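K.L.:
Here you go, structure07.csv (CSV, C-alpha atoms):
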```
chain,number,residue,atom,x,y,z
R,17,MET,CA,-58.5,-149.4,20.7
R,18,ALA,CA,-62.0,-147.8,21.0
R,19,SER,CA,-64.0,-148.5,24.2
R,20,ALA,CA,-66.9,-151.0,24.0
R,21,VAL,CA,-68.8,-148.9,26.6
R,22,LYS,CA,-71.0,-146.2,25.1
R,23,PRO,CA,-69.4,-142.8,25.7
R,24,LYS,CA,-71.2,-140.3,28.0
R,25,HIS,CA,-72.1,-136.9,26.6
R,26,VAL,CA,-70.0,-134.1,28.1
R,27,PHE,CA,-70.6,-130.8,26.1
R,28,GLY,CA,-71.3,-129.9,22.5
R,29,TRP,CA,-69.7,-132.4,20.3
R,30,TRP,CA,-67.5,-134.0,23.0
R,31,ASP,CA,-68.3,-137.4,24.6
R,32,TRP,CA,-66.4,-139.0,27.5
R,33,ASP,CA,-65.0,-142.5,27.1
R,34,ALA,CA,-64.4,-143.4,30.7
R,35,GLU,CA,-62.7,-146.7,29.9
R,36,THR,CA,-59.7,-145.2,28.0
R,37,PRO,CA,-60.2,-142.4,29.4
R,38,ALA,CA,-60.6,-140.0,26.5
R,39,MET,CA,-62.6,-137.1,25.0
R,40,VAL,CA,-64.2,-138.2,21.8
R,41,ASN,CA,-65.3,-135.8,19.1
R,42,ARG,CA,-68.3,-137.6,17.6
R,43,VAL,CA,-68.3,-135.2,14.5
R,44,THR,CA,-64.7,-135.1,13.4
R,45,GLY,CA,-63.6,-138.5,14.7
R,46,GLU,CA,-60.7,-137.0,16.7
R,47,ARG,CA,-59.8,-138.2,20.2
R,48,VAL,CA,-57.7,-136.8,23.1
R,49,ALA,CA,-56.7,-139.7,25.3
R,50,PHE,CA,-55.2,-139.6,28.8
R,51,ARG,CA,-52.2,-142.0,29.0
R,52,GLY,CA,-51.1,-141.4,32.6
R,53,VAL,CA,-48.4,-139.6,34.7
R,54,PHE,CA,-45.3,-138.9,32.7
R,55,GLN,CA,-41.8,-139.1,34.2
R,56,ASP,CA,-38.7,-138.9,32.1
R,57,PRO,CA,-35.6,-136.9,33.3
R,58,ASP,CA,-34.5,-136.4,29.7
R,59,LEU,CA,-37.6,-134.3,28.9
R,60,VAL,CA,-39.2,-133.0,32.2
R,61,ALA,CA,-37.9,-132.0,35.6
R,62,PHE,CA,-38.3,-134.6,38.4
R,63,ASP,CA,-39.9,-132.1,40.8
R,64,GLU,CA,-42.7,-131.2,38.4
R,65,SER,CA,-46.1,-132.9,37.8
R,66,TRP,CA,-46.5,-134.0,34.2
R,67,LEU,CA,-49.2,-135.9,32.4
R,68,ARG,CA,-49.3,-137.4,29.0
R,69,PHE,CA,-52.2,-137.1,26.5
R,70,ASP,CA,-52.4,-138.3,22.9
R,71,TYR,CA,-54.1,-136.7,20.0
R,72,GLU,CA,-55.6,-139.4,17.8
R,73,HIS,CA,-57.1,-139.4,14.3
R,74,PRO,CA,-56.8,-141.8,11.4
R,75,GLU,CA,-54.5,-139.2,9.7
R,76,LEU,CA,-52.3,-138.4,12.7
R,77,SER,CA,-51.2,-139.3,16.2
R,78,PHE,CA,-49.3,-136.8,18.3
R,79,PRO,CA,-48.2,-137.1,22.0
R,80,LEU,CA,-48.8,-134.1,24.3
R,81,LEU,CA,-46.9,-133.4,27.5
R,82,VAL,CA,-49.0,-131.4,30.0
R,83,GLU,CA,-47.7,-130.0,33.3
R,84,GLU,CA,-50.2,-129.7,36.1
R,85,ARG,CA,-49.6,-126.9,38.4
R,86,GLN,CA,-51.2,-124.4,40.8
R,87,ALA,CA,-51.9,-121.0,39.3
R,88,GLU,CA,-49.4,-118.4,40.5
R,89,LYS,CA,-51.1,-115.0,39.9
R,90,PRO,CA,-53.1,-113.6,42.9
R,91,ARG,CA,-56.3,-113.4,41.0
R,92,GLU,CA,-56.0,-117.1,40.1
R,93,LYS,CA,-55.1,-118.4,43.6
R,94,GLY,CA,-56.4,-121.9,44.2
R,95,LYS,CA,-56.9,-122.7,40.5
R,96,VAL,CA,-55.3,-125.6,38.7
R,97,VAL,CA,-53.6,-124.9,35.4
R,98,TRP,CA,-52.6,-127.4,32.6
R,99,ARG,CA,-49.6,-126.2,30.7
R,100,ILE,CA,-49.0,-127.8,27.3
R,101,ASP,CA,-45.4,-127.7,26.1
R,102,TYR,CA,-45.4,-128.2,22.3
R,103,SER,CA,-41.6,-128.3,21.9
R,104,GLN,CA,-41.2,-131.0,24.5
R,105,SER,CA,-44.2,-132.9,23.0
R,106,HIS,CA,-42.5,-132.8,19.6
R,107,ASP,CA,-39.3,-134.0,21.1
R,108,LEU,CA,-41.2,-137.0,22.5
R,109,LEU,CA,-42.8,-137.6,19.1
R,110,LYS,CA,-39.4,-137.7,17.4
R,111,ARG,CA,-38.0,-140.1,20.1
R,112,GLU,CA,-41.0,-142.4,19.4
R,113,GLY,CA,-40.2,-142.4,15.7
R,114,GLY,CA,-42.5,-139.6,14.5
R,115,GLY,CA,-39.9,-137.8,12.3
R,116,SER,CA,-36.8,-135.7,12.6
R,117,ASP,CA,-38.0,-132.2,11.9
R,118,LEU,CA,-37.0,-129.4,14.3
R,119,ARG,CA,-40.6,-128.4,14.9
R,120,PRO,CA,-44.1,-129.6,13.9
R,121,SER,CA,-45.2,-128.3,10.6
R,122,TYR,CA,-47.9,-125.6,10.5
R,123,GLY,CA,-50.6,-127.9,9.4
R,124,VAL,CA,-49.8,-130.6,12.0
R,125,TRP,CA,-49.5,-128.0,14.8
R,126,ARG,CA,-52.8,-126.3,13.9
R,127,ARG,CA,-54.7,-129.6,13.6
R,128,VAL,CA,-53.5,-130.8,17.0
R,129,ASP,CA,-54.0,-127.4,18.6
R,130,ASP,CA,-57.5,-126.8,17.3
R,131,CYS,CA,-58.6,-130.1,18.8
R,132,VAL,CA,-56.6,-130.3,22.0
R,133,VAL,CA,-57.4,-126.9,23.3
R,134,ASP,CA,-61.0,-127.5,22.7
R,135,ALA,CA,-60.9,-131.0,24.4
R,136,LEU,CA,-58.9,-130.0,27.5
R,137,ALA,CA,-61.0,-126.8,27.9
R,138,CYS,CA,-64.1,-129.0,28.0
R,139,TRP,CA,-62.5,-131.8,30.1
R,140,PRO,CA,-65.2,-133.1,32.6
R,141,GLN,CA,-64.6,-132.1,36.2
R,142,ASP,CA,-65.8,-135.3,37.7
R,143,ASN,CA,-62.8,-137.4,36.5
R,144,SER,CA,-59.7,-139.0,38.1
R,145,VAL,CA,-57.2,-137.2,35.8
R,146,ALA,CA,-56.9,-133.8,37.3
R,147,GLN,CA,-56.3,-133.0,41.0
R,148,LYS,CA,-59.3,-130.6,40.9
R,149,ALA,CA,-61.2,-128.7,38.3
R,150,VAL,CA,-58.9,-127.1,35.7
R,151,SER,CA,-59.7,-123.5,35.0
R,152,LEU,CA,-56.9,-122.3,32.7
R,153,LEU,CA,-54.8,-123.8,29.9
R,154,ARG,CA,-51.4,-122.4,29.2
R,155,LEU,CA,-49.6,-123.2,26.0
R,156,GLU,CA,-45.9,-122.9,25.3
R,157,GLY,CA,-44.7,-122.8,21.7
R,158,GLY,CA,-46.5,-122.4,18.4
R,159,TRP,CA,-46.7,-120.8,15.0
R,160,LEU,CA,-47.3,-117.0,14.9
R,161,ASN,CA,-47.1,-114.7,11.9
R,162,GLY,CA,-45.3,-117.3,9.7
R,163,VAL,CA,-42.6,-118.5,12.1
R,164,TRP,CA,-42.3,-121.0,14.9
R,165,SER,CA,-41.5,-119.7,18.4
R,166,LYS,CA,-40.7,-122.0,21.3
R,167,LYS,CA,-41.5,-119.2,23.7
R,168,MET,CA,-44.9,-118.0,22.5
R,169,HIS,CA,-47.0,-117.9,25.6
R,170,ARG,CA,-50.8,-118.4,25.3
R,171,THR,CA,-53.6,-118.7,27.8
R,172,GLU,CA,-57.0,-120.2,27.1
R,173,THR,CA,-60.0,-120.1,29.4
R,174,CYS,CA,-61.7,-123.4,30.2
R,175,LEU,CA,-65.4,-124.1,30.1
R,176,VAL,CA,-68.2,-123.0,30.5
R,177,ARG,CA,-71.5,-122.5,32.2
R,178,PRO,CA,-74.0,-124.3,30.0
R,179,THR,CA,-76.9,-122.2,31.3
R,180,GLU,CA,-75.3,-119.1,29.7
R,181,LEU,CA,-75.3,-120.6,26.2
R,182,GLN,CA,-77.9,-119.3,23.7
R,183,LEU,CA,-80.0,-120.9,21.0
R,184,ASP,CA,-78.5,-121.2,17.5
R,185,ASP,CA,-75.0,-121.2,18.8
R,186,GLU,CA,-73.7,-124.5,17.4
R,187,ASP,CA,-71.5,-125.3,14.4
R,188,TYR,CA,-71.0,-129.1,14.4
R,189,ASN,CA,-68.8,-129.0,11.3
R,190,SER,CA,-66.5,-131.8,10.4
R,191,TRP,CA,-64.0,-129.4,8.7
R,192,LEU,CA,-60.3,-130.0,9.6
R,193,LEU,CA,-57.3,-128.0,8.5
R,194,PRO,CA,-55.3,-130.1,6.0
R,195,LEU,CA,-52.1,-131.5,7.5
R,196,ASP,CA,-50.0,-130.1,4.7
R,197,ALA,CA,-51.3,-126.6,5.1
R,198,LEU,CA,-48.6,-123.9,5.0
R,199,PRO,CA,-48.4,-120.9,7.3
R,200,PRO,CA,-50.1,-117.8,5.8
R,201,SER,CA,-47.9,-115.0,4.4
R,202,PRO,CA,-46.6,-113.0,7.4
R,203,PHE,CA,-47.6,-109.5,8.2
R,204,GLU,CA,-45.2,-106.6,8.0
R,205,PHE,CA,-45.4,-103.3,9.9
R,206,HIS,CA,-45.7,-100.1,7.9
R,207,ASP,CA,-45.3,-96.8,9.8
R,208,VAL,CA,-46.0,-93.3,8.7
R,209,VAL,CA,-42.8,-91.7,7.5
R,210,PRO,CA,-42.9,-87.9,8.1
R,211,ARG,CA,-41.2,-85.7,5.5
R,212,ARG,CA,-40.0,-83.2,8.1
R,213,ILE,CA,-39.2,-83.4,11.8
R,214,GLY,CA,-41.9,-82.2,14.1
R,215,ARG,CA,-44.9,-83.5,16.0
R,216,GLU,CA,-47.4,-82.1,13.5
R,217,ASN,CA,-45.9,-84.2,10.7
R,218,TRP,CA,-47.0,-87.4,12.4
R,219,ARG,CA,-50.6,-86.4,11.9
R,220,ILE,CA,-53.1,-89.0,10.5
R,221,GLY,CA,-56.8,-88.8,9.6
R,222,ASN,CA,-59.6,-90.1,11.8
R,223,PRO,CA,-61.1,-92.1,10.2
R,224,VAL,CA,-58.8,-93.5,7.5
R,225,LEU,CA,-60.8,-95.8,5.3
R,226,LEU,CA,-59.6,-98.2,2.7
R,227,ASP,CA,-60.8,-97.4,-0.8
R,228,GLY,CA,-63.9,-99.5,-1.7
R,229,LEU,CA,-64.9,-100.1,2.0
R,230,GLU,CA,-68.5,-99.5,2.8
R,231,PHE,CA,-70.7,-100.1,5.9
R,232,ASP,CA,-74.4,-100.7,6.6
R,233,ASP,CA,-73.8,-98.6,9.8
R,234,ALA,CA,-70.5,-96.7,9.5
R,235,GLU,CA,-70.7,-95.1,13.0
R,236,ARG,CA,-70.7,-98.5,14.7
R,237,GLY,CA,-68.7,-100.4,12.1
R,238,PHE,CA,-71.6,-102.8,11.4
R,239,GLY,CA,-72.1,-104.6,8.1
R,240,PRO,CA,-68.7,-104.0,6.4
R,241,LYS,CA,-68.5,-104.7,2.7
R,242,LEU,CA,-65.3,-104.9,0.6
R,243,PRO,CA,-65.3,-106.3,-3.0
R,244,PRO,CA,-62.9,-109.2,-3.6
R,245,ASN,CA,-60.9,-107.3,-6.2
R,246,VAL,CA,-60.0,-104.3,-4.0
R,247,ASN,CA,-56.2,-103.5,-3.8
R,248,LEU,CA,-55.1,-103.6,-0.1
R,249,THR,CA,-51.9,-101.6,-0.7
R,250,GLY,CA,-53.5,-98.1,-0.9
R,251,LEU,CA,-52.7,-96.9,2.7
R,252,GLU,CA,-49.1,-96.0,2.4
R,253,GLY,CA,-48.5,-92.5,3.7
R,254,ARG,CA,-52.0,-92.2,5.0
R,255,THR,CA,-51.8,-94.2,8.3
R,256,VAL,CA,-50.0,-97.0,10.2
R,257,TYR,CA,-50.9,-100.5,9.1
R,258,LEU,CA,-50.0,-104.2,8.8
R,259,LEU,CA,-49.9,-105.8,5.4
R,260,SER,CA,-48.9,-109.4,4.5
R,261,ARG,CA,-46.1,-109.9,2.1
R,262,ASP,CA,-48.4,-111.3,-0.5
R,263,ASN,CA,-50.8,-108.3,-0.1
R,264,GLN,CA,-53.7,-110.6,0.8
R,265,ARG,CA,-54.2,-109.7,4.5
R,266,LEU,CA,-54.5,-106.3,6.1
R,267,LEU,CA,-55.0,-105.1,9.7
R,268,TYR,CA,-55.0,-101.5,11.0
R,269,PRO,CA,-56.7,-99.1,13.3
R,270,TYR,CA,-59.0,-96.9,11.1
R,271,TYR,CA,-60.6,-94.8,13.8
R,272,GLY,CA,-59.9,-93.7,17.4
R,273,ASP,CA,-62.2,-92.3,20.0
R,274,THR,CA,-62.5,-91.7,23.8
R,275,GLU,CA,-65.9,-92.1,25.5
R,276,LEU,CA,-67.4,-92.0,28.9
R,277,LYS,CA,-68.1,-95.5,30.2
R,278,SER,CA,-71.6,-95.9,31.5
R,279,GLY,CA,-71.9,-96.9,35.1
R,280,SER,CA,-68.3,-96.2,36.1
R,281,GLY,CA,-67.9,-92.6,35.1
R,282,HIS,CA,-64.4,-93.3,33.7
R,283,TRP,CA,-63.2,-92.3,30.2
R,284,GLN,CA,-62.2,-95.2,28.0
R,285,SER,CA,-60.1,-95.0,24.8
R,286,TRP,CA,-60.5,-97.4,22.0
R,287,PHE,CA,-59.8,-98.0,18.3
R,288,LYS,CA,-61.9,-99.4,15.5
R,289,MET,CA,-59.8,-102.0,13.7
R,290,LEU,CA,-60.2,-103.3,10.2
R,291,TYR,CA,-59.1,-106.8,9.3
R,292,VAL,CA,-59.2,-108.1,5.8
R,293,ASP,CA,-58.2,-111.4,4.1
R,294,GLU,CA,-59.1,-113.0,0.9
R,295,LEU,CA,-62.3,-114.3,2.4
R,296,ALA,CA,-63.5,-112.0,5.2
R,297,VAL,CA,-63.7,-108.3,6.2
R,298,MET,CA,-64.2,-107.4,9.9
R,299,SER,CA,-64.5,-104.2,11.9
R,300,SER,CA,-63.8,-104.7,15.6
R,301,SER,CA,-62.9,-102.8,18.7
R,302,ALA,CA,-59.5,-102.8,20.5
R,303,ARG,CA,-57.8,-100.9,23.2
R,304,PRO,CA,-54.4,-101.0,24.9
R,305,THR,CA,-54.5,-102.3,28.5
R,306,LYS,CA,-51.8,-103.3,31.1
R,307,ARG,CA,-49.2,-100.8,29.8
R,308,SER,CA,-45.5,-101.5,30.2
R,309,SER,CA,-42.4,-99.6,29.6
R,310,GLN,CA,-42.3,-101.0,26.0
R,311,GLY,CA,-46.0,-101.1,25.1
R,312,ALA,CA,-49.2,-102.7,26.2
R,313,MET,CA,-51.5,-105.7,26.1
R,314,TRP,CA,-54.2,-105.0,23.6
R,315,GLN,CA,-57.8,-106.3,24.2
R,316,PHE,CA,-59.8,-107.1,21.1
R,317,SER,CA,-63.6,-107.6,20.9
R,318,LEU,CA,-64.2,-109.5,17.6
R,319,PHE,CA,-67.1,-110.6,15.5
R,320,GLY,CA,-70.7,-109.7,16.1
R,321,LYS,CA,-72.2,-107.4,13.5
R,322,GLY,CA,-68.8,-106.3,12.3
R,323,LEU,CA,-68.0,-109.4,10.2
R,324,GLY,CA,-68.8,-110.0,6.6
R,325,LEU,CA,-67.7,-112.3,3.7
R,326,ARG,CA,-66.0,-110.9,0.7
R,327,SER,CA,-66.6,-113.8,-1.6
R,328,THR,CA,-69.7,-115.9,-2.4
R,329,ASN,CA,-67.4,-118.7,-3.8
R,330,ALA,CA,-65.9,-119.7,-0.5
R,331,ASP,CA,-65.8,-123.2,1.0
R,332,ALA,CA,-69.2,-124.0,2.4
R,333,ALA,CA,-67.6,-124.5,5.9
R,334,PHE,CA,-66.9,-120.7,6.0
R,335,PHE,CA,-70.0,-118.7,6.6
R,336,VAL,CA,-71.7,-116.1,8.9
R,337,ARG,CA,-74.9,-117.3,10.6
R,338,SER,CA,-77.7,-114.8,11.4
R,339,ARG,CA,-79.6,-115.3,14.6
R,340,GLU,CA,-83.1,-114.2,15.5
R,341,VAL,CA,-82.2,-112.4,18.8
R,342,PHE,CA,-78.5,-112.2,19.1
R,343,ALA,CA,-75.6,-110.9,17.0
R,344,PRO,CA,-74.5,-113.1,14.0
R,345,ILE,CA,-71.7,-115.6,14.6
R,346,PRO,CA,-69.0,-117.0,12.3
R,347,SER,CA,-68.8,-120.7,11.6
R,348,ARG,CA,-66.0,-122.4,13.6
R,349,PRO,CA,-63.6,-122.6,10.6
R,350,LEU,CA,-64.1,-118.9,9.9
R,351,TRP,CA,-63.6,-118.0,13.5
R,352,LEU,CA,-60.3,-119.9,13.6
R,353,LYS,CA,-59.1,-118.3,10.4
R,354,VAL,CA,-60.0,-114.7,11.4
R,355,ARG,CA,-58.8,-115.2,15.0
R,356,TRP,CA,-55.4,-116.4,13.9
R,357,GLY,CA,-55.2,-113.7,11.3
R,358,VAL,CA,-55.7,-111.0,13.9
R,359,ALA,CA,-53.2,-112.7,16.2
R,360,ASP,CA,-50.6,-113.0,13.4
R,361,GLY,CA,-50.9,-109.3,12.6
R,362,TRP,CA,-51.2,-107.6,15.9
R,363,SER,CA,-48.3,-109.7,17.4
R,364,SER,CA,-46.2,-107.7,14.9
R,365,TRP,CA,-47.5,-104.2,15.8
R,366,ASP,CA,-44.4,-102.2,16.7
R,367,GLY,CA,-46.2,-99.0,17.7
R,368,SER,CA,-46.1,-95.5,16.2
R,369,HIS,CA,-45.9,-91.8,17.1
R,370,ALA,CA,-48.6,-91.1,14.6
R,371,ARG,CA,-51.8,-89.7,16.0
R,372,ASN,CA,-54.7,-87.5,15.2
R,373,PRO,CA,-54.7,-84.1,16.9
R,374,ASP,CA,-58.2,-84.6,18.3
R,375,TRP,CA,-57.2,-87.8,20.2
R,376,LEU,CA,-56.9,-87.5,24.0
R,377,LYS,CA,-53.5,-88.5,25.6
R,378,ASP,CA,-54.4,-92.1,26.3
R,379,LEU,CA,-55.4,-92.8,22.7
R,380,SER,CA,-52.0,-93.8,21.4
R,381,LEU,CA,-50.8,-96.5,19.0
R,382,VAL,CA,-48.4,-98.1,21.5
R,383,ARG,CA,-46.5,-101.3,20.7
R,384,ALA,CA,-48.2,-104.6,21.3
R,385,ASP,CA,-46.7,-106.7,24.1
R,386,GLY,CA,-49.5,-109.2,23.3
R,387,LEU,CA,-53.2,-109.4,22.8
R,388,THR,CA,-56.4,-110.8,24.2
R,389,LEU,CA,-59.2,-112.0,22.0
R,390,SER,CA,-62.7,-112.5,23.3
R,391,GLU,CA,-65.5,-114.9,22.4
R,392,GLY,CA,-65.2,-118.2,20.4
R,393,TYR,CA,-66.1,-121.8,20.2
R,394,ARG,CA,-65.9,-124.7,22.7
R,395,GLY,CA,-67.3,-128.1,21.8
R,396,GLY,CA,-68.6,-126.7,18.5
R,397,ARG,CA,-70.7,-124.1,20.3
R,398,TRP,CA,-70.3,-120.4,20.5
R,399,VAL,CA,-69.4,-119.2,24.0
R,400,ALA,CA,-69.2,-115.6,25.0
R,401,ARG,CA,-66.9,-116.1,27.9
R,402,VAL,CA,-64.1,-117.8,25.9
R,403,SER,CA,-60.9,-115.8,25.7
R,404,THR,CA,-57.4,-116.2,24.3
R,405,SER,CA,-54.3,-114.3,25.4
R,406,ILE,CA,-51.1,-114.3,23.4
R,407,ARG,CA,-47.9,-112.7,24.9
R,408,LYS,CA,-44.7,-112.0,23.0
R,409,VAL,CA,-41.4,-112.7,24.7
R,410,SER,CA,-39.0,-109.8,24.5
R,411,GLY,CA,-35.7,-110.7,22.8
R,412,GLN,CA,-37.0,-114.2,21.7
R,413,ARG,CA,-35.7,-114.9,18.3
R,414,LEU,CA,-38.2,-116.5,16.1
R,415,GLN,CA,-37.2,-119.5,13.9
R,416,GLU,CA,-37.7,-119.1,10.2
R,417,PRO,CA,-39.8,-121.9,8.8
R,418,PHE,CA,-37.4,-122.8,6.0
```
Can you turn what I pasted into structure tokens?

P.N.:
Amino acid sequence: MASAVKPKHVFGWWDWDAETPAMVNRVTGERVAFRGVFQDPDLVAFDESWLRFDYEHPELSFPLLVEERQAEKPREKGKVVWRIDYSQSHDLLKREGGGSDLRPSYGVWRRVDDCVVDALACWPQDNSVAQKAVSLLRLEGGWLNGVWSKKMHRTETCLVRPTELQLDDEDYNSWLLPLDALPPSPFEFHDVVPRRIGRENWRIGNPVLLDGLEFDDAERGFGPKLPPNVNLTGLEGRTVYLLSRDNQRLLYPYYGDTELKSGSGHWQSWFKMLYVDELAVMSSSARPTKRSSQGAMWQFSLFGKGLGLRSTNADAAFFVRSREVFAPIPSRPLWLKVRWGVADGWSSWDGSHARNPDWLKDLSLVRADGLTLSEGYRGGRWVARVSTSIRKVSGQRLQEPF
């Protein structure tokens, strides 16, 4: 039952209902309520600290089991982490009569995730729920590239220094993903297949541009334009790329370079990436970091002046906003769509021997162990310091949705 006490404003579209306690989204009507310490030997270990939250909306209620723990990595020493376990949360939902499916549907999971990550990342520090200020969210389980994985690991940064926010950064939009939404068609990896054995036969161009693609500033990848009727299947044999099974989404590195980083004197290798779906076209930068024996974590810098819309007939919730001083920003629904599109695709990047002969050694198309995406929304406001990291688990078998 809603509190009779007027909620206190926290940040953006989030208000704090201290009586419940709960975070209340005054735009969408969603709530994330704290229900207390959770102890159940059938679901969680007795020597771990677990909390229960509930996602609440007139269309859906969903329990969330959240482990509170100290961060383990040296750079995070002293920080508190909240770890959301979606598989255990769904098991609790089933036990309370919420269905018998093996996993939450894509639409249900996305609806809950879009809200809960935002709410917990903005959770006020002066409250009695957490032991101390929470600085990171870790999430176990989720949908990625068309399949459900119990062991998908994700990290989200918490909020926020309000003094760093800029004017014209809000998108208080009541759009919600439909609960019956299906996962988008999954990406498939397409490598260059040389006709003969030999290093020179793995050669690719630099750049390799999709037919019909134009830029306002091609050198920097600003202002991309791609008509809605362009065929996305024309890269076979020209380069390495990711294409969805329905041929509606495309992701690939179209240009590679190595430049001297100002200030440090170090050389840095990076790629220009092109992402396309039925609604958007985006040029972004990415580079491999934290290399392992199998591949590397890839760091993406998305949006800014590299994002454009392909269609003028899109839902009004999906738009790019120009700003007087700063780079344009996507609406929150468009940000979510493109962010998950890039995550779907690059999580399936298997790596390739293909390269351009002008590339330096470090500029290589190594396999993706995972990816980090920078910038995004918190509380309906654009925040430059937001980041999302998704790591694949080697050997983890993904569960087909049907």

K.L.:
Compare R:Pro79, R:Gly392, R:Gly94, R:Gly357 by their minimum atom-to-atom distance to Leu266 in chain R, counting all atoms listed in the file, and give me the closest one.

P.N.:
R:Gly357

K.L.:
So that I can see what lies close to Thr328 in chain R, please list as a list in words the residues with an atom at most 12 Å from it, counting all atoms listed in the file and leaving out residues fewer than 2 positions away in the same chain.

P.N.:
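My reading of the contact set: Pro243, Pro244, Glu294, Leu295, Ala296, Gly324, Leu325, Arg326, Ala330, Asp331, Ala332, Phe334, Phe335 and Val336 of chain R.
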
K.L.:
Counting all atoms listed in the file, which residues of range 266-314 of chain R sit at most 10 Å from some atom of range 221-242 of chain R, and what is each one's closest atom pair with its distance in Å to one decimal, listed by chain and rising residue number, as a Markdown table?

P.N.:
```
| residue | atom | partner | partner_atom | distance |
| --- | --- | --- | --- | --- |
| R:Tyr268 | CA | R:Val224 | CA | 9.5 |
| R:Pro269 | CA | R:Val224 | CA | 8.3 |
| R:Tyr270 | CA | R:Val224 | CA | 5.0 |
| R:Tyr271 | CA | R:Pro223 | CA | 4.5 |
| R:Gly272 | CA | R:Asn222 | CA | 6.7 |
| R:Asp273 | CA | R:Asn222 | CA | 8.9 |
| R:Lys288 | CA | R:Gly237 | CA | 7.7 |
| R:Met289 | CA | R:Gly237 | CA | 9.2 |
| R:Leu290 | CA | R:Leu225 | CA | 9.0 |
| R:Val292 | CA | R:Leu242 | CA | 8.6 |
| R:Ala296 | CA | R:Leu242 | CA | 8.6 |
| R:Val297 | CA | R:Pro240 | CA | 6.6 |
| R:Met298 | CA | R:Pro240 | CA | 6.6 |
| R:Ser299 | CA | R:Gly237 | CA | 5.7 |
| R:Ser300 | CA | R:Gly237 | CA | 7.4 |
| R:Ser301 | CA | R:Gly237 | CA | 9.1 |
```

K.L.:
If you measure from CA of Glu83 in chain R to CA of Glu172 in chain R, what distance in Å do you get, rounded to one decimal?

P.N.:
14.9 Å

K.L.:
Give me the residues within 6 Å of Gly396 in chain R as a list of chain:residue names, counting all atoms listed in the file and dropping any in the same chain fewer than 6 places off.

P.N.:
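Contacts, in chain order: R:Gly28, R:Glu186, R:Asp187, R:Tyr188.
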
K.L.:
For a test of reading the model, state the distance in Å between CA of Ser363 in chain R and CA of Lys95 in chain R, rounded to one decimal.

P.N.:
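The value is 27.9 Å.
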
K.L.:
What's around Ile345 in chain R at 12 Å? Count all atoms listed in the file, leave out sequence neighbours fewer than 2 positions away in its own chain, and write the answer as a PDB file with C-alpha atoms, keeping the file's coordinate frame.

P.N.:
```pdb
ATOM      1  CA  GLN R 182     -77.900-119.300  23.700  1.00  0.00           C
ATOM      2  CA  LEU R 183     -80.000-120.900  21.000  1.00  0.00           C
ATOM      3  CA  ASP R 184     -78.500-121.200  17.500  1.00  0.00           C
ATOM      4  CA  ASP R 185     -75.000-121.200  18.800  1.00  0.00           C
ATOM      5  CA  GLU R 186     -73.700-124.500  17.400  1.00  0.00           C
ATOM      6  CA  ASP R 187     -71.500-125.300  14.400  1.00  0.00           C
ATOM      7  CA  LEU R 318     -64.200-109.500  17.600  1.00  0.00           C
ATOM      8  CA  PHE R 319     -67.100-110.600  15.500  1.00  0.00           C
ATOM      9  CA  GLY R 320     -70.700-109.700  16.100  1.00  0.00           C
ATOM     10  CA  LYS R 321     -72.200-107.400  13.500  1.00  0.00           C
ATOM     11  CA  GLY R 322     -68.800-106.300  12.300  1.00  0.00           C
ATOM     12  CA  LEU R 323     -68.000-109.400  10.200  1.00  0.00           C
ATOM     13  CA  GLY R 324     -68.800-110.000   6.600  1.00  0.00           C
ATOM     14  CA  PHE R 334     -66.900-120.700   6.000  1.00  0.00           C
ATOM     15  CA  PHE R 335     -70.000-118.700   6.600  1.00  0.00           C
ATOM     16  CA  VAL R 336     -71.700-116.100   8.900  1.00  0.00           C
ATOM     17  CA  ARG R 337     -74.900-117.300  10.600  1.00  0.00           C
ATOM     18  CA  SER R 338     -77.700-114.800  11.400  1.00  0.00           C
ATOM     19  CA  ARG R 339     -79.600-115.300  14.600  1.00  0.00           C
ATOM     20  CA  GLU R 340     -83.100-114.200  15.500  1.00  0.00           C
ATOM     21  CA  VAL R 341     -82.200-112.400  18.800  1.00  0.00           C
ATOM     22  CA  PHE R 342     -78.500-112.200  19.100  1.00  0.00           C
ATOM     23  CA  ALA R 343     -75.600-110.900  17.000  1.00  0.00           C
ATOM     24  CA  SER R 347     -68.800-120.700  11.600  1.00  0.00           C
ATOM     25  CA  ARG R 348     -66.000-122.400  13.600  1.00  0.00           C
ATOM     26  CA  PRO R 349     -63.600-122.600  10.600  1.00  0.00           C
ATOM     27  CA  LEU R 350     -64.100-118.900   9.900  1.00  0.00           C
ATOM     28  CA  TRP R 351     -63.600-118.000  13.500  1.00  0.00           C
ATOM     29  CA  GLU R 391     -65.500-114.900  22.400  1.00  0.00           C
ATOM     30  CA  GLY R 392     -65.200-118.200  20.400  1.00  0.00           C
ATOM     31  CA  TYR R 393     -66.100-121.800  20.200  1.00  0.00           C
ATOM     32  CA  ARG R 397     -70.700-124.100  20.300  1.00  0.00           C
ATOM     33  CA  TRP R 398     -70.300-120.400  20.500  1.00  0.00           C
ATOM     34  CA  VAL R 399     -69.400-119.200  24.000  1.00  0.00           C
ATOM     35  CA  ALA R 400     -69.200-115.600  25.000  1.00  0.00           C
TER      36      ALA R 400
END
```

K.L.:
Of the candidates R:Arg303, R:Arg394, R:His73, R:Arg51, which one gets nearest to Asp378 in chain R if we count all atoms listed in the file?

P.N.:
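Checking each of R:Arg303, R:Arg394, R:His73, R:Arg51 against Asp378 in chain R, counting all atoms listed in the file, the winner is R:Arg303.
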
K.L.:
Rank R:His106, R:Arg355, R:Lys377, R:Arg261 by their smallest atom-to-atom distance to Asp130 in chain R, using only C-alpha atoms, and report the top residue only.

P.N.:
R:Arg355

K.L.:
What is the CA of Ala135 in chain R to CA of Glu84 in chain R distance in Å?

P.N.:
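Taking CA of Ala135 in chain R and CA of Glu84 in chain R, their separation equals 15.9 Å.
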